[in-house]
Amino acid sequence: MGRGDKKTKRGKIFKGSFGKFRMRVARQLANLRKAEEKKA
């Protein structure tokens with residue numbers, strides 16, 4: 001576990017990859033939906 005572990009968020013950040021634990025697009029979409037719900 002730690003920076004060298006590709007299965008953890010910290011490891012993904014260290015390696016520079018976006019995988020199951022560090023998703024880029026899916027989280028942005030979820031945050032946009034939450035913002036829209038608050039407005040309505």
# chains A, B, ... in the order shown; residues from 1 in each chain; ligands from 1
call {"tool": "residues_around", "arguments": {"residues": "Lys12 in chain A", "least_positions_apart": "3", "cutoff": "12 Å", "atoms": "only C-alpha atoms", "output": "PDB file with N, CA and C atoms, in the first residue's frame"}}
result
ATOM      1  N   MET A   1       0.829  -1.186   0.000  1.00  0.00           N
ATOM      2  CA  MET A   1       0.000   0.000   0.000  1.00  0.00           C
ATOM      3  C   MET A   1       0.880   1.258   0.000  1.00  0.00           C
ATOM      4  N   GLY A   2       0.390   2.272  -0.652  1.00  0.00           N
ATOM      5  CA  GLY A   2       1.148   3.521  -0.669  1.00  0.00           C
ATOM      6  C   GLY A   2       1.344   4.044  -2.068  1.00  0.00           C
ATOM      7  N   ARG A   3       2.412   4.775  -2.252  1.00  0.00           N
ATOM      8  CA  ARG A   3       2.646   5.429  -3.550  1.00  0.00           C
ATOM      9  C   ARG A   3       2.879   4.445  -4.681  1.00  0.00           C
ATOM     10  N   GLY A   4       3.494   3.306  -4.392  1.00  0.00           N
ATOM     11  CA  GLY A   4       3.800   2.347  -5.444  1.00  0.00           C
ATOM     12  C   GLY A   4       2.643   1.434  -5.799  1.00  0.00           C
ATOM     13  N   ASP A   5       1.553   1.496  -5.028  1.00  0.00           N
ATOM     14  CA  ASP A   5       0.418   0.595  -5.225  1.00  0.00           C
ATOM     15  C   ASP A   5      -0.575   1.198  -6.214  1.00  0.00           C
ATOM     16  N   LYS A   6      -0.665   0.603  -7.397  1.00  0.00           N
ATOM     17  CA  LYS A   6      -1.554   1.127  -8.436  1.00  0.00           C
ATOM     18  C   LYS A   6      -3.032   0.987  -8.083  1.00  0.00           C
ATOM     19  N   LYS A   7      -3.354   0.196  -7.051  1.00  0.00           N
ATOM     20  CA  LYS A   7      -4.750  -0.038  -6.690  1.00  0.00           C
ATOM     21  C   LYS A   7      -5.299   1.013  -5.729  1.00  0.00           C
ATOM     22  N   THR A   8      -4.452   1.924  -5.264  1.00  0.00           N
ATOM     23  CA  THR A   8      -4.912   2.950  -4.335  1.00  0.00           C
ATOM     24  C   THR A   8      -4.920   4.322  -5.020  1.00  0.00           C
ATOM     25  N   LYS A   9      -5.697   5.216  -4.465  1.00  0.00           N
ATOM     26  CA  LYS A   9      -5.787   6.566  -5.020  1.00  0.00           C
ATOM     27  C   LYS A   9      -4.420   7.250  -5.015  1.00  0.00           C
ATOM     28  N   LYS A  15       1.509   7.539 -10.037  1.00  0.00           N
ATOM     29  CA  LYS A  15       1.769   6.996 -11.375  1.00  0.00           C
ATOM     30  C   LYS A  15       1.225   7.903 -12.477  1.00  0.00           C
ATOM     31  N   GLY A  16       0.262   8.756 -12.117  1.00  0.00           N
ATOM     32  CA  GLY A  16      -0.337   9.648 -13.102  1.00  0.00           C
ATOM     33  C   GLY A  16      -1.429   8.990 -13.923  1.00  0.00           C
ATOM     34  N   SER A  17      -2.052   7.940 -13.375  1.00  0.00           N
ATOM     35  CA  SER A  17      -3.107   7.255 -14.117  1.00  0.00           C
ATOM     36  C   SER A  17      -4.473   7.544 -13.507  1.00  0.00           C
ATOM     37  N   PHE A  18      -5.499   7.391 -14.325  1.00  0.00           N
ATOM     38  CA  PHE A  18      -6.870   7.564 -13.866  1.00  0.00           C
ATOM     39  C   PHE A  18      -7.567   6.229 -14.052  1.00  0.00           C
ATOM     40  N   GLY A  19      -7.843   5.542 -12.963  1.00  0.00           N
ATOM     41  CA  GLY A  19      -8.457   4.217 -13.045  1.00  0.00           C
ATOM     42  C   GLY A  19      -9.709   4.126 -12.207  1.00  0.00           C
ATOM     43  N   LYS A  20     -10.010   2.935 -11.755  1.00  0.00           N
ATOM     44  CA  LYS A  20     -11.237   2.683 -11.008  1.00  0.00           C
ATOM     45  C   LYS A  20     -11.338   3.548  -9.758  1.00  0.00           C
ATOM     46  N   PHE A  21     -10.228   3.777  -9.086  1.00  0.00           N
ATOM     47  CA  PHE A  21     -10.250   4.518  -7.831  1.00  0.00           C
ATOM     48  C   PHE A  21      -9.980   6.005  -8.015  1.00  0.00           C
ATOM     49  N   ARG A  22      -9.631   6.401  -9.240  1.00  0.00           N
ATOM     50  CA  ARG A  22      -9.342   7.813  -9.503  1.00  0.00           C
ATOM     51  C   ARG A  22      -9.933   8.180 -10.850  1.00  0.00           C
ATOM     52  N   MET A  23     -11.244   8.293 -10.870  1.00  0.00           N
ATOM     53  CA  MET A  23     -11.936   8.564 -12.128  1.00  0.00           C
ATOM     54  C   MET A  23     -12.003  10.055 -12.385  1.00  0.00           C
ATOM     55  N   ARG A  24     -11.848  10.424 -13.616  1.00  0.00           N
ATOM     56  CA  ARG A  24     -11.834  11.831 -13.986  1.00  0.00           C
ATOM     57  C   ARG A  24     -13.202  12.280 -14.475  1.00  0.00           C
TER      58      ARG A  24
END
call {"tool": "select_by_dssp", "arguments": {"residues": "chain A", "states": "helix (DSSP H, G or I)", "output": "number ranges by chain"}}
result
A: 9-15, 25-39
